[in-house]
Structures are given as C-alpha cells and as structure tokens.
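Written out below as structure tokens is the structure these notes cover.
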Amino acid sequence: MKNILVITGSPRRRGVCSRYADELVSTLGGMDARIGRWNMAESSVGGCTGCEACRRRSAARRAADASEGVHPYCVIRDDMQKLYTMLDAADEVHLVCPVYFAGPPGQFKCVLDRLQPYWELRRGPNAQPGAADAPKRPVTLHVIGAGGDPFGFAPLETIVRSAFGSAGFRVVEVVDRVGWGQPESESEKQTFPAQSEGE
Ligand SMILES: Cc1cc2nc3c(=O)[nH]c(=O)nc-3n(C[C@H](O)[C@H](O)[C@H](O)COP(=O)(O)O)c2cc1C
C-alpha cells in the first residue's frame, strides 16, 4: 500500500491551508493508500545553522561502511526528527503551503533548510555510495494565497524544488490555489481535480 504524506506549511492552525489539506485528505482517502500528516502549526522547528554535524556523521557512516540507508542525522532535536521519519517512509508527498511575500513562511523555510542532511547523504562530499541514484519520489505543491500580490510565487516553487530535490524528491505538479477559500471568495471555492492513480 502506498504511503502518502500530506504536509501543511502554514504556521496558522486553523487557516486556509488546514482546511484545504482536510479536503485533500478526504479526496486522497479514496485511493488505496495510507495517509500521514505533518503540520507546521503543531510543530516547532529551528533553523539550520550550517554546523556540518550531518556531514561529519555521513563521513563516520561511510568510514564504518554502515549501510543505514538515507535516514538523516541532525544535531537539533526538535519536531523535524518526526518529519524525517515520515519522509523516509513516504512514497509520495503533497505539500500545502501558503505564499508569504512570494516565498514560504519563515517557519516553513526552517523546515526546508533542515532537509540539508538528506543532501549530505545523497550528494555531499561524504555521500552514501549509490544514494543519489535512487528514483526520486513525487511531490505535489499546492499553493495557497490571498491573491492580489503582483510578485506571484515563483520563489516559493523554486525553493521547494531545490530543498525537496536535494532530499530525493521531485516536484511533479504545482497546483495554483491562490484565492481558494479566502474569506471574500468563500462562496466560489474551487473544486479539486479528479485524482488519477499513477500520475
Ligand atoms: C506575511 C504575509 C505575507 C503574505 N504574502 C502573500 C503574497 O505574497 N501573495 C499572496 O497571494 N498572499 C499572501 N499572503 C496571504 C496568505 O498567503 C493567505 O492569508 C493564506 O491563506 C495563509 O495561509 P493560512 O490561511 O493557512 O494561514 C500573505 C500573508 C502573510 C501573513
């Protein structure tokens, strides 16, 4: 059975992203899949400090010839540890993220930066042999926003592509939901596209 992970990137507990993710989960629920959820609003994640402990750990693993797969190591012990475990198990990710001034909210940028240990394991100077060759798993990015901002969300998309790409994923679809569920458009909520398996 496929493992689908739905990540909500908003720091607001009961905002538009949370409602959108609830609807998304009920749509995905029709598929033969196990669905996990990780919410920024219920988590506390500190920013990467570039300490390179993950690089040193990769070197130690390689020297010991330890085959631990690509479960990442980070010295910062916080709610990112749970997300690492969920990402390890995910066959597919749906990321529901608000746009804040064209990029991600600061809290979620910390999460994206904390994907760095995956980069060390897959691509860094002490990468695990063959790790970078594993097939990339799909990510769908659902962008939530109030609209009206002339700068769009290209930086958000690029940052998500870069960070998830380094972690062994590929953004296969960007779903533009700017305007969805915003207070002034409540009566005009868009409907979800039909989910087709194997996409
Ligand atoms: C600091 C900040 C910056 C924002 N920048 C944008 C923006 O550039 N474009 C946009 O469409 N919406 C922008 N918004 C609106 C949010 O994307 C919108 O309110 C969204 O619903 C937030 O997600 P949430 O309801 O799950 O918290 C911004 C909101 C905040 C608080």
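Following the order of the structure tokens, chains are lettered A, B, ..., residues in each are numbered from 1, and ligands are numbered from 1.
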With ligand 1 as the partner and 8 Å as the cut-off, tabulate the residues of chain A that qualify, each row holding the nearest pair of atoms and their distance in Å to one decimal, using only C-alpha atoms and all ligand atoms, sorted by chain and rising number, as a tab-separated table.
residue	atom	partner	partner_atom_place_in_ligand_line	distance
A:Gly9	CA	ligand 1	26 (O)	7.7
A:Ser10	CA	ligand 1	26 (O)	4.9
A:Pro11	CA	ligand 1	27 (O)	6.3
A:Arg12	CA	ligand 1	27 (O)	4.5
A:Arg13	CA	ligand 1	26 (O)	7.3
A:Arg14	CA	ligand 1	26 (O)	6.9
A:Gly15	CA	ligand 1	25 (O)	3.6
A:Val16	CA	ligand 1	25 (O)	3.7
A:Cys17	CA	ligand 1	26 (O)	3.7
A:Ser18	CA	ligand 1	26 (O)	5.8
A:Arg19	CA	ligand 1	26 (O)	7.8
A:Cys97	CA	ligand 1	23 (O)	7.2
A:Pro98	CA	ligand 1	17 (O)	4.5
A:Val99	CA	ligand 1	17 (O)	4.4
A:Tyr100	CA	ligand 1	5 (N)	3.4
A:Phe101	CA	ligand 1	8 (O)	3.3
A:Ala102	CA	ligand 1	8 (O)	4.5
A:Gly103	CA	ligand 1	8 (O)	7.3
A:Pro105	CA	ligand 1	1 (C)	7.2
A:Ile144	CA	ligand 1	20 (C)	5.6
A:Gly145	CA	ligand 1	17 (O)	3.4
A:Ala146	CA	ligand 1	12 (N)	4.0
A:Gly147	CA	ligand 1	11 (O)	3.5
A:Gly148	CA	ligand 1	11 (O)	6.0
A:Asp149	CA	ligand 1	9 (N)	4.8
A:Pro150	CA	ligand 1	8 (O)	7.8
A:Phe151	CA	ligand 1	8 (O)	6.7
A:Gly152	CA	ligand 1	9 (N)	6.4
A:Phe153	CA	ligand 1	9 (N)	7.1
A:Val178	CA	ligand 1	11 (O)	5.7
A:Gly179	CA	ligand 1	11 (O)	7.2
A:Gly181	CA	ligand 1	21 (O)	7.7
A:Gln182	CA	ligand 1	21 (O)	6.2
Would you list the contacts of segment 120-131 of chain A as a short mmCIF file (atom, residue, chain, number, x, y, z; two decimals) with C-alpha atoms, in the first residue's frame, taking every protein, DNA or RNA residue within 6 Å and counting only C-alpha atoms, but skipping same-chain residues closer than 4 positions in sequence?
data_model
loop_
_atom_site.label_atom_id
_atom_site.label_comp_id
_atom_site.auth_asym_id
_atom_site.auth_seq_id
_atom_site.Cartn_x
_atom_site.Cartn_y
_atom_site.Cartn_z
CA ARG A 55 28.39 15.97 7.06
CA SER A 58 27.95 10.91 6.89
CA ALA A 59 31.74 10.57 6.89
#
Surrounding residues of Leu5 of chain A excluding itself and chain neighbours under 2 positions, 7 Å, only C-alpha atoms, as a PyMOL selection string: chain A and resi 3+7+35-37+90+92-94
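Using only C-alpha atoms, the smallest distance between any of A:Asp22, A:Asp65, A:Phe108, A:Gly30 and Glu42 of chain A comes from A:Phe108.
The two atoms in question, atom CA of Thr8 of chain A and atom CA of Glu52 of chain A, are spaced 27.5 Å apart.
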